[in-house]
>>> print(open('target31.txt').read())   # compact mmCIF, C-alpha atoms
# COMPACT_ATOMS: atom_id res chain seq x y z
CA MET A 19 -3.83 -12.00 31.87
CA CYS A 20 -0.75 -12.35 29.65
CA ALA A 21 -1.39 -16.08 29.44
CA ARG A 22 -4.95 -15.42 28.30
CA TYR A 23 -3.79 -13.07 25.57
CA LEU A 24 -1.14 -15.54 24.42
CA THR A 25 -3.79 -18.25 24.27
CA THR A 26 -6.05 -15.98 22.22
CA ILE A 27 -3.23 -15.16 19.78
CA THR A 28 -2.31 -18.83 19.48
CA ASP A 29 -5.93 -19.76 18.78
CA GLU A 30 -6.18 -17.05 16.12
CA LEU A 31 -3.02 -18.20 14.37
CA ARG A 32 -4.18 -21.82 14.51
CA ALA A 33 -7.51 -20.83 12.96
CA LEU A 34 -5.78 -18.82 10.21
CA ASN A 35 -3.56 -21.81 9.42
CA SER A 36 -6.36 -24.37 9.42
CA GLY A 37 -7.16 -26.31 6.28
CA GLY A 38 -3.84 -25.48 4.68
CA ARG A 39 -4.79 -21.82 4.40
CA GLY A 40 -1.67 -20.55 6.16
CA ILE A 41 0.73 -21.19 3.27
CA ILE A 42 -1.64 -19.43 0.85
CA LEU A 43 -1.90 -16.40 3.13
CA ALA A 44 1.88 -16.32 3.62
CA THR A 45 2.59 -16.46 -0.13
CA ILE A 46 0.06 -13.75 -0.93
CA ALA A 47 1.60 -11.63 1.82
CA LEU A 48 5.09 -12.24 0.41
CA GLY A 49 4.04 -11.02 -3.03
CA TRP A 50 2.44 -7.93 -1.54
CA GLY A 51 5.50 -7.22 0.57
CA VAL A 52 7.93 -7.59 -2.33
CA THR A 53 5.99 -5.44 -4.81
CA ILE A 54 5.24 -2.58 -2.42
CA GLY A 55 8.69 -2.82 -0.81
CA ALA A 56 10.31 -2.46 -4.22
CA ARG A 57 8.04 0.46 -5.09
CA THR A 58 9.14 2.28 -1.93
CA ILE A 59 12.78 2.02 -2.95
CA TYR A 60 12.07 4.95 -5.26
CA PRO A 61 11.93 7.62 -2.50
CA VAL A 62 15.20 6.33 -1.01
CA LEU A 63 16.97 6.44 -4.37
CA LEU A 64 15.43 9.78 -5.34
CA PRO A 65 18.57 11.82 -4.48
CA SER A 66 20.64 9.42 -6.62
CA LEU A 67 18.14 9.58 -9.47
CA ARG A 68 18.12 13.36 -9.33
CA SER A 69 21.90 13.36 -9.63
CA ALA A 70 22.02 10.74 -12.39
CA TYR A 71 19.30 12.33 -14.53
CA ASP A 72 19.81 15.95 -13.44
CA PHE A 73 16.31 16.98 -12.32
CA GLY A 74 14.94 18.88 -9.31
CA LEU A 75 12.20 18.40 -6.73
CA THR A 76 9.47 19.32 -9.22
CA ALA A 77 10.49 16.56 -11.64
CA SER A 78 10.98 14.23 -8.66
CA GLY A 79 7.39 14.84 -7.61
CA ILE A 80 6.18 14.22 -11.15
CA LEU A 81 8.11 10.92 -11.29
CA LEU A 82 6.48 9.79 -8.03
CA SER A 83 3.07 10.91 -9.30
CA VAL A 84 3.60 8.85 -12.46
CA LEU A 85 4.46 5.84 -10.31
CA PHE A 86 1.39 6.24 -8.08
CA ALA A 87 -0.97 7.15 -10.94
CA ALA A 88 0.08 4.07 -12.91
CA TYR A 89 -0.41 2.01 -9.76
CA ALA A 90 -3.92 3.46 -9.47
CA LEU A 91 -4.77 2.74 -13.11
CA GLY A 92 -3.61 -0.86 -12.79
CA GLN A 93 -6.10 -1.66 -10.06
CA LEU A 94 -9.32 -1.58 -12.07
CA PRO A 95 -8.13 -3.99 -14.81
CA GLY A 96 -6.55 -6.06 -12.04
CA GLY A 97 -9.90 -6.29 -10.27
CA VAL A 98 -11.71 -7.20 -13.49
CA LEU A 99 -9.11 -9.86 -14.29
CA ALA A 100 -9.44 -11.30 -10.77
CA ASP A 101 -13.21 -11.59 -11.26
CA ARG A 102 -12.85 -13.21 -14.66
CA ALA A 103 -9.63 -15.25 -14.62
CA GLY A 104 -9.12 -15.81 -10.91
CA GLU A 105 -6.66 -14.61 -8.30
CA ARG A 106 -3.80 -16.99 -9.13
CA ILE A 107 -3.37 -15.72 -12.68
CA THR A 108 -3.77 -12.09 -11.64
CA LEU A 109 -1.33 -12.22 -8.71
CA THR A 110 1.29 -14.19 -10.62
CA LEU A 111 1.07 -11.93 -13.67
CA SER A 112 1.45 -8.84 -11.50
CA VAL A 113 4.66 -10.01 -9.85
CA ALA A 114 6.16 -11.38 -13.07
CA VAL A 115 5.58 -8.18 -15.06
CA SER A 116 6.75 -6.05 -12.12
CA GLY A 117 10.06 -7.92 -12.09
CA VAL A 118 10.52 -7.37 -15.82
CA ALA A 119 9.71 -3.66 -15.46
CA ILE A 120 12.25 -3.28 -12.64
CA THR A 121 14.86 -4.82 -14.92
CA PHE A 122 14.16 -2.18 -17.56
CA VAL A 123 14.29 0.60 -14.96
CA VAL A 124 17.76 -0.58 -14.00
CA ILE A 125 19.05 -0.51 -17.60
CA SER A 126 17.29 2.73 -18.62
CA GLN A 127 19.64 5.39 -20.01
CA SER A 128 17.39 8.43 -20.46
CA THR A 129 14.90 10.40 -18.38
CA ALA A 130 12.11 9.56 -20.82
CA ALA A 131 12.85 5.84 -20.54
CA LEU A 132 12.95 6.11 -16.75
CA PHE A 133 9.48 7.65 -16.66
CA VAL A 134 8.00 5.11 -19.11
CA VAL A 135 9.29 1.98 -17.38
CA THR A 136 8.41 3.47 -13.99
CA ALA A 137 4.82 3.77 -15.22
CA ALA A 138 4.92 0.15 -16.42
CA PHE A 139 6.18 -0.99 -13.02
CA GLY A 140 3.48 0.95 -11.15
CA PHE A 141 0.77 -0.41 -13.45
CA ALA A 142 1.90 -4.00 -12.88
CA VAL A 143 2.01 -3.57 -9.11
CA GLY A 144 -1.55 -2.19 -9.25
CA PHE A 145 -2.78 -5.55 -10.57
CA TYR A 146 -1.85 -7.14 -7.24
CA ALA A 147 -3.82 -4.79 -5.01
CA ILE A 148 -7.35 -6.01 -5.67
CA ALA A 149 -6.72 -9.70 -6.28
CA ARG A 150 -5.06 -10.20 -2.91
CA PHE A 151 -8.16 -8.79 -1.19
CA THR A 152 -10.64 -10.96 -3.08
CA ALA A 153 -8.42 -14.00 -2.53
CA ILE A 154 -8.35 -13.37 1.23
CA ALA A 155 -12.11 -12.74 1.31
CA ALA A 156 -12.68 -16.17 -0.24
CA ILE A 157 -10.22 -17.94 2.06
CA TYR A 158 -11.16 -16.19 5.33
CA PRO A 159 -14.86 -15.24 5.36
CA ASP A 160 -14.85 -15.55 9.15
CA ARG A 161 -11.64 -13.65 9.98
CA TYR A 162 -11.31 -11.28 7.08
CA GLY A 163 -10.19 -8.21 9.03
CA THR A 164 -7.53 -10.11 10.95
CA ALA A 165 -6.22 -11.91 7.85
CA ALA A 166 -6.17 -8.67 5.85
CA GLY A 167 -4.37 -6.92 8.70
CA LEU A 168 -1.67 -9.59 8.78
CA THR A 169 -1.31 -9.38 5.02
CA ASN A 170 -0.99 -5.61 5.22
CA THR A 171 1.90 -6.10 7.62
CA ALA A 172 3.89 -7.68 4.79
CA PRO A 173 4.37 -4.52 2.71
CA GLU A 174 5.44 -2.64 5.82
CA LEU A 175 8.07 -5.27 6.52
CA GLY A 176 9.09 -5.16 2.85
CA GLN A 177 9.35 -1.39 3.04
CA ALA A 178 11.24 -1.59 6.33
CA LEU A 179 13.82 -3.96 4.81
CA LEU A 180 14.17 -3.33 1.08
CA PRO A 181 14.64 0.49 0.99
CA PRO A 182 17.44 0.52 3.63
CA ILE A 183 19.18 -2.32 1.80
CA ALA A 184 18.76 -0.41 -1.45
CA GLY A 185 20.22 2.73 0.13
CA PHE A 186 23.19 0.80 1.48
CA VAL A 187 23.89 -0.99 -1.82
CA ALA A 188 23.45 2.26 -3.78
CA SER A 189 25.96 4.05 -1.55
CA ILE A 190 28.57 1.40 -2.39
CA VAL A 191 27.97 0.33 -6.00
CA GLY A 192 25.38 2.78 -7.36
CA TRP A 193 21.61 3.12 -7.62
CA ARG A 194 21.15 0.58 -10.42
CA LEU A 195 22.18 -2.36 -8.27
CA GLY A 196 20.46 -0.67 -5.35
CA LEU A 197 17.23 -1.34 -7.22
CA GLY A 198 18.23 -4.36 -9.28
CA PHE A 199 18.93 -6.64 -6.32
CA VAL A 200 15.16 -7.24 -5.93
CA VAL A 201 14.74 -8.89 -9.36
CA PRO A 202 15.66 -12.44 -8.19
CA ILE A 203 13.17 -12.03 -5.32
CA PHE A 204 10.45 -11.29 -7.88
CA VAL A 205 11.31 -14.48 -9.78
CA ILE A 206 11.06 -16.64 -6.65
CA THR A 207 7.79 -14.99 -5.60
CA THR A 208 6.25 -15.52 -9.04
CA VAL A 209 6.85 -19.26 -8.81
CA GLY A 210 5.55 -19.41 -5.24
CA LEU A 211 2.28 -17.70 -6.12
CA TRP A 212 1.59 -19.98 -9.07
CA VAL A 213 2.22 -23.09 -6.97
CA THR A 214 0.26 -22.17 -3.82
CA VAL A 215 -2.69 -19.93 -4.75
CA PRO A 216 -5.78 -21.95 -5.80
CA GLY A 217 -6.87 -21.61 -9.41
CA PRO A 218 -10.45 -21.07 -10.65
CA SER A 219 -11.03 -24.81 -11.04
CA GLU A 220 -10.37 -25.23 -7.31
CA ASP A 221 -12.98 -22.66 -6.30
CA ALA A 222 -16.00 -24.03 -4.52
CA ALA A 223 -18.39 -21.70 -6.35
CA THR A 224 -20.85 -23.17 -8.79
CA ASP A 225 -20.72 -22.48 -12.51
CA SER A 226 -23.78 -20.28 -12.27
CA ASP A 227 -22.17 -18.29 -9.46
CA GLU A 228 -19.04 -17.81 -11.55
CA THR A 229 -21.09 -16.63 -14.51
CA GLU A 230 -22.88 -14.08 -12.34
CA LYS A 231 -19.64 -12.93 -10.73
CA THR A 232 -17.74 -12.46 -13.96
CA SER A 233 -20.51 -10.61 -15.80
CA PRO A 234 -21.69 -7.71 -13.63
CA SER A 235 -23.68 -5.06 -15.47
CA VAL A 236 -22.51 -1.46 -15.45
CA ARG A 237 -25.77 -0.42 -13.78
CA HIS A 238 -25.30 -3.04 -11.05
CA VAL A 239 -21.75 -1.90 -10.34
CA LEU A 240 -22.52 1.82 -10.33
CA GLY A 241 -25.63 1.27 -8.22
CA ALA A 242 -23.61 -0.50 -5.54
CA LEU A 243 -20.92 2.18 -5.54
CA LYS A 244 -23.47 4.97 -4.95
CA ASN A 245 -24.16 3.74 -1.43
CA PRO A 246 -23.55 6.76 0.87
CA ALA A 247 -21.49 4.71 3.33
CA ILE A 248 -19.22 3.49 0.52
CA LEU A 249 -18.82 7.05 -0.79
CA ARG A 250 -17.85 8.35 2.66
CA ALA A 251 -15.40 5.52 3.28
CA THR A 252 -13.84 6.13 -0.14
CA ALA A 253 -13.50 9.87 0.58
CA ALA A 254 -11.79 9.15 3.91
CA MET A 255 -9.44 6.73 2.19
CA ILE A 256 -8.58 9.33 -0.47
CA LEU A 257 -7.43 11.71 2.26
CA GLY A 258 -5.38 9.02 4.00
CA VAL A 259 -3.74 7.73 0.82
CA SER A 260 -2.92 11.29 -0.30
CA ILE A 261 -1.11 11.91 2.98
CA TRP A 262 0.70 8.58 2.78
CA GLN A 263 1.90 9.03 -0.80
CA VAL A 264 3.25 12.52 -0.17
CA PHE A 265 4.89 11.59 3.14
CA THR A 266 6.57 8.41 1.92
CA GLY A 267 7.53 10.03 -1.37
CA PHE A 268 9.44 12.95 0.16
CA TYR A 269 10.34 11.97 3.73
CA PRO A 270 13.85 10.63 2.93
CA THR A 271 14.63 13.65 0.76
CA TYR A 272 13.31 15.98 3.49
CA LEU A 273 15.53 14.30 6.10
CA VAL A 274 18.59 14.71 3.86
CA GLU A 275 18.01 18.23 2.56
CA THR A 276 16.28 19.90 5.52
CA LYS A 277 17.30 17.92 8.61
CA GLY A 278 20.88 17.24 7.51
CA LEU A 279 20.86 13.43 7.79
CA SER A 280 23.07 11.35 5.53
CA SER A 281 21.37 9.29 2.83
CA SER A 282 22.09 6.02 4.62
CA ARG A 283 20.71 7.33 7.94
CA ALA A 284 17.64 8.75 6.19
CA ALA A 285 17.02 5.33 4.59
CA ALA A 286 17.35 3.63 7.98
CA VAL A 287 14.91 6.06 9.61
CA PHE A 288 12.55 5.55 6.67
CA GLY A 289 12.72 1.80 7.28
CA LEU A 290 11.93 2.37 10.95
CA TYR A 291 8.71 4.13 9.95
CA PHE A 292 7.58 1.04 8.04
CA ALA A 293 8.60 -1.24 10.90
CA ALA A 294 6.33 0.79 13.18
CA THR A 295 3.57 0.63 10.58
CA ALA A 296 3.86 -3.17 10.44
CA VAL A 297 2.68 -3.33 14.04
CA ILE A 298 -0.42 -1.19 13.48
CA HIS A 299 -2.00 -3.24 10.67
CA PRO A 300 -2.95 -6.36 12.66
CA VAL A 301 -3.97 -4.16 15.60
CA ALA A 302 -6.24 -2.07 13.37
CA GLY A 303 -7.64 -5.22 11.74
CA ALA A 304 -8.50 -6.69 15.13
CA VAL A 305 -10.08 -3.39 16.24
CA TYR A 306 -12.18 -3.41 13.05
CA ASP A 307 -13.35 -6.99 13.62
CA ARG A 308 -14.34 -6.26 17.21
CA PHE A 309 -15.43 -2.62 17.32
CA GLY A 310 -16.02 -1.51 13.73
CA VAL A 311 -14.38 0.91 11.33
CA ARG A 312 -14.88 4.19 13.20
CA ARG A 313 -12.83 3.38 16.28
CA ALA A 314 -9.92 2.15 14.21
CA TYR A 315 -9.45 5.63 12.75
CA PHE A 316 -8.61 7.11 16.14
CA LEU A 317 -5.26 5.31 16.00
CA SER A 318 -4.26 7.61 13.12
CA GLY A 319 -4.51 10.61 15.45
CA ILE A 320 -0.96 9.96 16.68
CA ALA A 321 0.26 10.34 13.09
CA ALA A 322 -1.49 13.71 12.79
CA VAL A 323 0.40 14.96 15.85
CA SER A 324 3.68 13.56 14.48
CA LEU A 325 3.22 15.32 11.14
CA ALA A 326 2.61 18.63 12.88
CA ALA A 327 5.71 18.12 15.05
CA LEU A 328 8.06 17.14 12.19
CA PRO A 329 9.13 20.69 11.18
CA PHE A 330 10.05 21.46 14.79
CA VAL A 331 12.26 18.45 15.62
CA ASP A 332 15.93 18.16 14.73
CA GLY A 333 18.58 15.48 14.62
CA LEU A 334 18.42 11.72 14.41
CA GLY A 335 16.52 11.33 17.69
CA GLY A 336 13.73 13.63 16.58
CA ALA A 337 13.44 11.87 13.24
CA ILE A 338 13.19 8.49 14.98
CA ALA A 339 10.43 9.72 17.30
CA VAL A 340 8.42 11.15 14.39
CA SER A 341 8.89 7.97 12.35
CA ILE A 342 7.53 5.79 15.14
CA GLY A 343 4.55 8.09 15.65
CA MET A 344 3.86 8.19 11.92
CA GLY A 345 3.61 4.40 11.99
CA THR A 346 -0.01 4.83 13.11
CA LEU A 347 -1.03 6.67 9.92
CA LEU A 348 -2.07 3.54 8.04
CA ALA A 349 -4.37 2.43 10.86
CA PHE A 350 -7.07 3.65 8.48
CA GLU A 351 -6.06 1.31 5.64
CA THR A 352 -6.95 -2.20 6.78
CA PRO A 353 -10.30 -1.23 8.35
CA THR A 354 -11.37 0.91 5.39
CA GLU A 355 -10.39 -1.64 2.76
CA SER A 356 -12.02 -4.45 4.75
CA TYR A 357 -15.13 -2.30 5.19
CA LEU A 358 -15.37 -1.55 1.48
CA VAL A 359 -14.81 -5.13 0.32
CA GLN A 360 -17.35 -6.52 2.77
CA SER A 361 -19.84 -3.77 1.88
CA LEU A 362 -19.81 -4.56 -1.84
CA PRO A 363 -21.99 -7.34 -3.34
CA SER A 364 -19.87 -10.48 -3.70
CA SER A 365 -20.55 -10.60 -7.45
CA ILE A 366 -18.63 -7.34 -8.01
CA GLU A 367 -16.03 -7.41 -5.22
CA GLY A 368 -13.10 -7.33 -7.63
CA THR A 369 -14.53 -4.91 -10.19
CA GLY A 370 -16.17 -2.63 -7.63
CA PHE A 371 -13.20 -2.47 -5.31
CA GLY A 372 -10.95 -2.00 -8.34
CA ILE A 373 -12.93 1.09 -9.32
CA LEU A 374 -12.78 2.46 -5.78
CA ARG A 375 -9.05 1.90 -5.32
CA THR A 376 -8.30 3.26 -8.78
CA THR A 377 -10.22 6.41 -7.84
CA VAL A 378 -8.50 6.66 -4.47
CA PHE A 379 -4.96 6.30 -5.75
CA ALA A 380 -5.54 8.33 -8.92
CA VAL A 381 -6.68 11.31 -6.88
CA GLY A 382 -3.89 10.77 -4.35
CA ALA A 383 -1.30 10.53 -7.11
CA ALA A 384 -1.55 14.26 -7.74
CA GLY A 385 -0.17 14.93 -4.25
CA PRO A 386 3.54 14.30 -4.88
CA ALA A 387 3.59 16.51 -7.98
CA VAL A 388 1.93 19.40 -6.14
CA PHE A 389 4.14 18.84 -3.10
CA GLY A 390 7.28 18.83 -5.26
CA VAL A 391 6.41 22.15 -6.90
CA LEU A 392 5.74 23.85 -3.55
CA ALA A 393 8.80 22.24 -1.91
CA ASP A 394 10.94 23.68 -4.69
CA ARG A 395 9.62 27.08 -3.62
CA GLY A 396 10.69 26.62 0.00
CA TYR A 397 7.46 25.44 1.65
CA PHE A 398 8.72 22.04 2.84
CA ASP A 399 7.88 22.61 6.52
CA GLU A 400 4.49 24.22 5.94
CA LEU A 401 3.42 21.33 3.72
CA PHE A 402 3.87 18.77 6.50
CA ILE A 403 1.68 20.88 8.80
CA ALA A 404 -0.94 20.94 6.03
CA LEU A 405 -0.80 17.14 5.90
CA ALA A 406 -1.49 17.04 9.66
CA ILE A 407 -4.62 19.14 9.16
CA ILE A 408 -5.80 16.81 6.39
CA ALA A 409 -5.26 13.84 8.72
CA VAL A 410 -7.58 15.41 11.29
CA GLY A 411 -10.18 15.93 8.58
CA MET A 412 -9.91 12.24 7.61
CA ILE A 413 -10.59 11.13 11.20
CA LEU A 414 -13.62 13.43 11.50
CA LEU A 415 -15.02 12.17 8.20
CA ALA A 416 -14.68 8.55 9.35
CA ARG A 417 -16.85 9.37 12.37
CA GLN A 418 -19.80 9.58 9.96
CA LEU A 419 -19.50 5.98 8.78
CA PRO A 420 -22.05 3.39 9.94
CA SER A 421 -20.52 1.16 12.59
CA VAL A 422 -21.32 -2.06 10.73
CA SER A 423 -20.92 -3.32 7.18
CA VAL A 424 -23.70 -2.25 4.81
CA ARG A 425 -23.70 -5.39 2.64
>>> encode(input="target31.txt", output="structure tokens")
Amino acid sequence: MCARYLTTITDELRALNSGGRGIILATIALGWGVTIGARTIYPVLLPSLRSAYDFGLTASGILLSVLFAAYALGQLPGGVLADRAGERITLTLSVAVSGVAITFVVISQSTAALFVVTAAFGFAVGFYAIARFTAIAAIYPDRYGTAAGLTNTAPELGQALLPPIAGFVASIVGWRLGLGFVVPIFVITTVGLWVTVPGPSEDAATDSDETEKTSPSVRHVLGALKNPAILRATAAMILGVSIWQVFTGFYPTYLVETKGLSSSRAAAVFGLYFAATAVIHPVAGAVYDRFGVRRAYFLSGIAAVSLAALPFVDGLGGAIAVSIGMGTLLAFETPTESYLVQSLPSSIEGTGFGILRTTVFAVGAAGPAVFGVLADRGYFDELFIALAIIAVGMILLARQLPSVSVR
């Protein structure tokens, strides 16, 4: 049986790599891993930022909400640009501007400057989100869920590696280099994307197809987005993203201030969570391809239990157990995003999905600010239990989705 599974995996990897597509997928995944990995350095460095700029949990939550809201706002123009200028320009521009923004974060000297350049960084990262999906949809029409799942593993690996490194570097030489060490990686990734990702001239679509794709009417876009299945899937994703943004935004701080872990240990445990998440993305993508979107959501049930257990566990061992269990939370992401992209008309994939993801992350961006205010008032533990209840609601909502794509 093991031999059969190994053969199946080998065949899948061979198919994904066929026609020179593997290097394109790997480069797109690298860019996604670097941008999201760098974004998740913020929660690890939050205690250092609070000390350097002298603000509390409320301001910390607002800073994270600014980061996530800017990320949300960047997705719609990123989707439009992908439809009009192509994925290579959009992806390359996103990584290049993100690297510049990180540089300005590192040299910022005031709280106001920190907030402004953080918003610029989040906005630039948002440009990447939609273009990588439309690029994968064009490259892998036959194995979209699997390819998207593998790509979604990249940010988890980036978040498993970059934040712990940032925490270690910050503990030795300060938070500025703890963030600034990623800038050369952004430069290398920018070059790689421009060289490997096909440009518009290399697209097999006809000129008439391109004209139709780049000029969707407002009525056409809004009509497609009103589909009840798309609305339900978007609502479920809003709940999941809201949980994710709050959890990842405050988990390291919670481990330090409530569970008594050192900053370096909290960063390592945080990285372990993303390592566990990296495993779930390809699994969820394969479940989506074979069984549909609804069954994939059941994997997130383990995360709901872990969230409810978090206030009641203590010590490093308890934190490790919760982190591994929480790795199943994003089982909803790959199936839902794949479902939405494949449910939208191909002529508005970028624009339509950009609107949906902007809505999802804009609504979810309010979570950290609200969480920060309540955490400042001593409700840290109760808030994690509330997140567990929301996770159960997300799973129940997903049960109402049609089992097949509605395109």
>>> closest_residue(input="target31.txt", among="A:Ala387, A:Ile42, A:Thr369, A:Phe316", to="Arg102 (chain A)", atoms="only C-alpha atoms")
A:Thr369
>>> closest_atom_pairs(input="target31.txt", of="region 347-415 of chain A", to="region 251-256 of chain A", cutoff="12 Å", atoms="all atoms listed in the file", output="tab-separated table")
residue	atom	partner	partner_atom	distance
A:Leu347	CA	A:Met255	CA	11.4
A:Leu348	CA	A:Met255	CA	9.9
A:Ala349	CA	A:Met255	CA	10.9
A:Phe350	CA	A:Met255	CA	7.4
A:Glu351	CA	A:Met255	CA	7.3
A:Thr352	CA	A:Met255	CA	10.3
A:Pro353	CA	A:Ala251	CA	9.9
A:Thr354	CA	A:Ala251	CA	6.5
A:Glu355	CA	A:Met255	CA	8.4
A:Ser356	CA	A:Ala251	CA	10.6
A:Tyr357	CA	A:Ala251	CA	8.1
A:Leu358	CA	A:Ala251	CA	7.3
A:Val359	CA	A:Ala251	CA	11.1
A:Ser361	CA	A:Ala251	CA	10.4
A:Gly370	CA	A:Thr252	CA	11.8
A:Phe371	CA	A:Thr252	CA	10.1
A:Gly372	CA	A:Thr252	CA	11.9
A:Ile373	CA	A:Thr252	CA	10.5
A:Leu374	CA	A:Thr252	CA	6.8
A:Arg375	CA	A:Thr252	CA	8.2
A:Thr376	CA	A:Ile256	CA	10.3
A:Thr377	CA	A:Ile256	CA	8.1
A:Val378	CA	A:Ile256	CA	4.8
A:Phe379	CA	A:Ile256	CA	7.1
A:Ala380	CA	A:Ile256	CA	9.0
A:Val381	CA	A:Ile256	CA	7.0
A:Gly382	CA	A:Ile256	CA	6.3
A:Ala383	CA	A:Ile256	CA	9.9
A:Ala384	CA	A:Ile256	CA	11.3
A:Gly385	CA	A:Ile256	CA	10.8
A:Ile408	CA	A:Ala254	CA	10.0
A:Ala409	CA	A:Ala254	CA	9.4
A:Val410	CA	A:Ala254	CA	10.6
A:Gly411	CA	A:Ala254	CA	8.4
A:Met412	CA	A:Ala254	CA	5.2
A:Ile413	CA	A:Ala254	CA	7.6
A:Leu414	CA	A:Ala254	CA	8.9
A:Leu415	CA	A:Ala254	CA	6.2
>>> write_last_selection(input="target31.txt", atoms="C-alpha atoms", output="PDB file, in the coordinates of the input")
ATOM      1  CA  LEU A 347      -1.030   6.670   9.920  1.00  0.00           C
ATOM      2  CA  LEU A 348      -2.070   3.540   8.040  1.00  0.00           C
ATOM      3  CA  ALA A 349      -4.370   2.430  10.860  1.00  0.00           C
ATOM      4  CA  PHE A 350      -7.070   3.650   8.480  1.00  0.00           C
ATOM      5  CA  GLU A 351      -6.060   1.310   5.640  1.00  0.00           C
ATOM      6  CA  THR A 352      -6.950  -2.200   6.780  1.00  0.00           C
ATOM      7  CA  PRO A 353     -10.300  -1.230   8.350  1.00  0.00           C
ATOM      8  CA  THR A 354     -11.370   0.910   5.390  1.00  0.00           C
ATOM      9  CA  GLU A 355     -10.390  -1.640   2.760  1.00  0.00           C
ATOM     10  CA  SER A 356     -12.020  -4.450   4.750  1.00  0.00           C
ATOM     11  CA  TYR A 357     -15.130  -2.300   5.190  1.00  0.00           C
ATOM     12  CA  LEU A 358     -15.370  -1.550   1.480  1.00  0.00           C
ATOM     13  CA  VAL A 359     -14.810  -5.130   0.320  1.00  0.00           C
ATOM     14  CA  SER A 361     -19.840  -3.770   1.880  1.00  0.00           C
ATOM     15  CA  GLY A 370     -16.170  -2.630  -7.630  1.00  0.00           C
ATOM     16  CA  PHE A 371     -13.200  -2.470  -5.310  1.00  0.00           C
ATOM     17  CA  GLY A 372     -10.950  -2.000  -8.340  1.00  0.00           C
ATOM     18  CA  ILE A 373     -12.930   1.090  -9.320  1.00  0.00           C
ATOM     19  CA  LEU A 374     -12.780   2.460  -5.780  1.00  0.00           C
ATOM     20  CA  ARG A 375      -9.050   1.900  -5.320  1.00  0.00           C
ATOM     21  CA  THR A 376      -8.300   3.260  -8.780  1.00  0.00           C
ATOM     22  CA  THR A 377     -10.220   6.410  -7.840  1.00  0.00           C
ATOM     23  CA  VAL A 378      -8.500   6.660  -4.470  1.00  0.00           C
ATOM     24  CA  PHE A 379      -4.960   6.300  -5.750  1.00  0.00           C
ATOM     25  CA  ALA A 380      -5.540   8.330  -8.920  1.00  0.00           C
ATOM     26  CA  VAL A 381      -6.680  11.310  -6.880  1.00  0.00           C
ATOM     27  CA  GLY A 382      -3.890  10.770  -4.350  1.00  0.00           C
ATOM     28  CA  ALA A 383      -1.300  10.530  -7.110  1.00  0.00           C
ATOM     29  CA  ALA A 384      -1.550  14.260  -7.740  1.00  0.00           C
ATOM     30  CA  GLY A 385      -0.170  14.930  -4.250  1.00  0.00           C
ATOM     31  CA  ILE A 408      -5.800  16.810   6.390  1.00  0.00           C
ATOM     32  CA  ALA A 409      -5.260  13.840   8.720  1.00  0.00           C
ATOM     33  CA  VAL A 410      -7.580  15.410  11.290  1.00  0.00           C
ATOM     34  CA  GLY A 411     -10.180  15.930   8.580  1.00  0.00           C
ATOM     35  CA  MET A 412      -9.910  12.240   7.610  1.00  0.00           C
ATOM     36  CA  ILE A 413     -10.590  11.130  11.200  1.00  0.00           C
ATOM     37  CA  LEU A 414     -13.620  13.430  11.500  1.00  0.00           C
ATOM     38  CA  LEU A 415     -15.020  12.170   8.200  1.00  0.00           C
TER      39      LEU A 415
END
>>> residues_near_point(input="target31.txt", point="(10.5, 8.8, -0.6)", cutoff="9 Å", atoms="all atoms listed in the file", output="NGL selection string")
:A and (58-64 or 82 or 263-272 or 288)
>>> write_last_selection(input="target31.txt", atoms="C-alpha atoms", output="JSON list (two decimals), in the frame of the given file")
[["chain", "number", "residue", "atom", "x", "y", "z"],
["A", 58, "THR", "CA", 9.14, 2.28, -1.93],
["A", 59, "ILE", "CA", 12.78, 2.02, -2.95],
["A", 60, "TYR", "CA", 12.07, 4.95, -5.26],
["A", 61, "PRO", "CA", 11.93, 7.62, -2.50],
["A", 62, "VAL", "CA", 15.20, 6.33, -1.01],
["A", 63, "LEU", "CA", 16.97, 6.44, -4.37],
["A", 64, "LEU", "CA", 15.43, 9.78, -5.34],
["A", 82, "LEU", "CA", 6.48, 9.79, -8.03],
["A", 263, "GLN", "CA", 1.90, 9.03, -0.80],
["A", 264, "VAL", "CA", 3.25, 12.52, -0.17],
["A", 265, "PHE", "CA", 4.89, 11.59, 3.14],
["A", 266, "THR", "CA", 6.57, 8.41, 1.92],
["A", 267, "GLY", "CA", 7.53, 10.03, -1.37],
["A", 268, "PHE", "CA", 9.44, 12.95, 0.16],
["A", 269, "TYR", "CA", 10.34, 11.97, 3.73],
["A", 270, "PRO", "CA", 13.85, 10.63, 2.93],
["A", 271, "THR", "CA", 14.63, 13.65, 0.76],
["A", 272, "TYR", "CA", 13.31, 15.98, 3.49],
["A", 288, "PHE", "CA", 12.55, 5.55, 6.67]]
>>> closest_residue(input="target31.txt", among="A:Ile320, A:Ala184, A:Asp332, A:Pro386", to="Leu85 (chain A)", atoms="all atoms listed in the file")
A:Pro386
>>> atom_distance(input="target31.txt", atom1="CA of Leu99 (chain A)", atom2="CA of Arg150 (chain A)")
12.1 Å
>>> atom_distance(input="target31.txt", atom1="CA of Ser324 (chain A)", atom2="CA of Leu290 (chain A)")
14.3 Å
>>> closest_residue(input="target31.txt", among="A:Gly210, A:Pro173, A:Gly278, A:Gly74", to="Val297 (chain A)", atoms="all atoms listed in the file")
A:Pro173
>>> closest_residue(input="target31.txt", among="A:Leu401, A:Ile342, A:Ala393, A:Val311", to="Ser78 (chain A)", atoms="all atoms listed in the file")
A:Ala393
>>> closest_residue(input="target31.txt", among="A:Leu179, A:Val239, A:Met344, A:Val215", to="Ile154 (chain A)", atoms="only C-alpha atoms")
A:Val215
>>> decode(input="target31.txt", residues="region 195-199 of chain A", atoms="C-alpha atoms", output="compact mmCIF listing (two decimals), in the first residue's frame")
# COMPACT_ATOMS: atom_id res chain seq x y z
CA LEU A 195 18.05 43.76 11.84
CA GLY A 196 15.57 41.14 13.01
CA LEU A 197 13.32 42.47 10.24
CA GLY A 198 15.90 43.87 7.85
CA PHE A 199 17.62 40.55 7.14
